[in-house]
Each structure stands twice: as structure tokens, then as C-alpha cells.
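The structure appears right after this line, and notes come after that.
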Amino acid sequence: MSFTSMNHFPVNNINLISWNIRGSGKKSSNKELSLLGRNVNPDIIFLSETQMNKDLAARKLKNMGFPCTFNISSVGRSGGLVLAWKKEIHMNILSSSLRGIHVTTTDIIHSKNCHIHIIYGEPNSTLRQAFWEQQCQLPQAPLDEPVFFIGDFNAILSTEDKNDGLELNDSDFYNLRNFYSVFNLHDPGFSGPRFT
């Protein structure tokens with residue numbers, strides 16, 4: 001899931017993959033990631049729920065041609081984030097936590113910063129409201145700098161974004177809708193199957 005703010009600022013084309021891989025030690029995940037890397041040719045890859053220590057996750061992505069990495073180790077067999085990018089991308093890590101990474105990259109053509117908030121939303125439903133309230137306190141970027149929120153939010157805007165599974169109530173939608181409103185976000189849509 002990804003959202004962008006509505007300031008219509010043109011940025012260089014950057015291919016970015018964000019995937020909740022649910023354990024990057026699995027052979028099937030590694031194969032899919034390699035295929036995705038070849039087909040999409042991303043400049044930046046973000047993986048959540050790697051379920052492995054940071055050195056092992058980084059080594060896998062370096063072997064795929066991403067020499068620059070930033071990692072947050074899993075806690076036991078839970079969580080784990082890795083952000084990897086090609087050397088041509090100039091990335092500046094501003095902050096990080098178990099739930100995400102905030103970076104800036106420079107749009108060379110326009111000499112402007114571009115903010116990317118990479119989010120791994122709170123998976124524990126009892127802690128989600130506090131998580132989203134904290135996200136709403138993130139500092140606003142200058143109006144002339146584009147902002148992107150990308151990742152696995154563990155939340156949806158409406159029932160149309162869901163296929164089967166547990167029933168959701170209004171509070172499940174409210175927190176993301178409120179966050180959406182605070183940052184004046186716009187869903188850029190997607191290509192390919194609606195549900196994967």
C-alpha cells in the first residue's frame with residue numbers, strides 16, 4: 001500500500017518495491033524476490049517481516065545488486081525491516097524504529113528533497129490506535145518537497161480493500177482515514193491484480 005501527498009511536484013522516476021515478505025529465509029520468498037528484482041529492476045527495495053537478523057537480510061540484498069542497506073533486526077522470529085538501494089540513489093536516513101524508516105532522497109533535476117516514510121504498521125490490533133496517533137504527530141515536510149508513505153500499513157481504508165478474513169469494525173478504518181486526512185494523502189492506485 002502506498003500514499004503520496006498532494007503537492008504536485010515532479011520527481012525523477014524511481015522504481016521502488018515494498019513487500020511484507022513474511023520471512024526472507026524461505027526459498028520460495030527468495031525466488032520470488034529475485035524474479036521481482038529482474039522484472040521490475042527496482043532502485044529501492046523495502047522488506048518487512050524479514051524474521052532474520054540484519055546481517056543476513058542485508059547480505060541477501062547485496063547479492064542482488066543493492067550495495068547500500070539499512071536494517072532493523074527482528075525481535076526473535078517477529079518483525080525485521082530492511083531497506084536497500086542502488087549506489088546511484090542518494091539516501092539520507094532521518095529516523096527509524098521497529099515500525100518504519102524515514103528517509104530523504106534528492107531529486108537531482110529540481111534540487112529538492114523527497115521524503116519517503118516507509119511504514120510497517122502495528123500488527124497487534126490492541127496497539128494500532130496508539131501507533132496511528134503517533135504517526136499523525138510526524139513532522140510535516142515543506143510544501144515544495146514531495147512526501148511518500150509506502151509499506152505494509154496493516155490497515156485499510158474501506159471494505160473494498162479486503163477480500164475474506166476477519167470482520168472489521170469502524171475503528172479499523174478510522175485510524176488510517178484520519179492519518180490520510182492529516183497529511184492530505186492521495187492513493188496513486190496500482191497495476192496488476194487487486195488482491196495478491
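In the C-alpha cells, the first chain shown is A, the next is B, and so on; residue numbers restart at 1 for each chain, and ligands run from 1 in the order shown.
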Chain A: which residues are strand (DSSP E) by DSSP, as number ranges by chain? A: 2-5, 16-20, 44-48, 68-72, 81-85, 91-97, 100-107, 112-120, 147-152, 185-186
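Near range 71-87 of chain A, within 6 Å and counting only C-alpha atoms, sit Asp43, Ile44, Ile45, Phe46, Leu47, Ser48, Glu49, Thr50, Gln51, Met52, Asn53, Lys54 and Phe66 of chain A; same-chain residues fewer than 4 positions away were not included.
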Residue list (helix (DSSP H, G or I), DSSP) for range 8-134 of chain A, as a PyMOL selection string: chain A and resi 27-40+54-63+125-134
Need to verify the contact set: Asn63 in chain A, 12 Å, only C-alpha atoms, exclusion of same-chain residues closer than 6 positions in sequence. Can you return it as a PDB file with C-alpha atoms, in the first residue's frame?
ATOM      1  CA  ASN A  30      13.981 -15.656  -2.223  1.00  0.00           C
ATOM      2  CA  LEU A  33      12.207 -11.624  -4.766  1.00  0.00           C
ATOM      3  CA  SER A  34      14.844 -12.435  -7.394  1.00  0.00           C
ATOM      4  CA  GLY A  37      14.008  -7.747  -8.963  1.00  0.00           C
ATOM      5  CA  LEU A  56      21.709 -11.958   6.852  1.00  0.00           C
ATOM      6  CA  ALA A  57      18.933  -9.827   5.302  1.00  0.00           C
ATOM      7  CA  THR A  69      21.349  -1.221   3.130  1.00  0.00           C
ATOM      8  CA  ALA A  84      18.220  -1.464   0.278  1.00  0.00           C
ATOM      9  CA  LYS A  86      21.464   1.085  -5.549  1.00  0.00           C
TER      10      LYS A  86
END
Select, from A:Ser29, A:Asn92, A:Asn113, A:Ser181, the residue with the minimum atom-to-atom distance to Leu143 in chain A, counting only C-alpha atoms.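 When distances to Leu143 in chain A are compared using only C-alpha atoms, the smallest one comes from A:Asn113.
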Minimum-distance residue to Tyr174 in chain A, chosen among A:Leu35, A:Ala130, A:Ile156, A:Ile150 (using only C-alpha atoms): A:Ile156
Would you mind telling me which residue in A:Met64, A:Leu157, A:Asn15, A:Phe131 lies nearest to Lys31 in chain A when using only C-alpha atoms?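 That would be A:Met64, the residue with the smallest distance to Lys31 in chain A.
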Quick one: residues within 7 Å of Gly121 in chain A, only C-alpha atoms counted, chain neighbours fewer than 6 positions away excluded, as an MDAnalysis selection string? chainID A and resid 99 152:154
Residue with smallest distance to Leu98 in chain A - pool A:Asp161, A:Glu122, A:Asp55, A:Asp144, counting only C-alpha atoms: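 Among the listed residues, the smallest separation from Leu98 in chain A belongs to A:Glu122.
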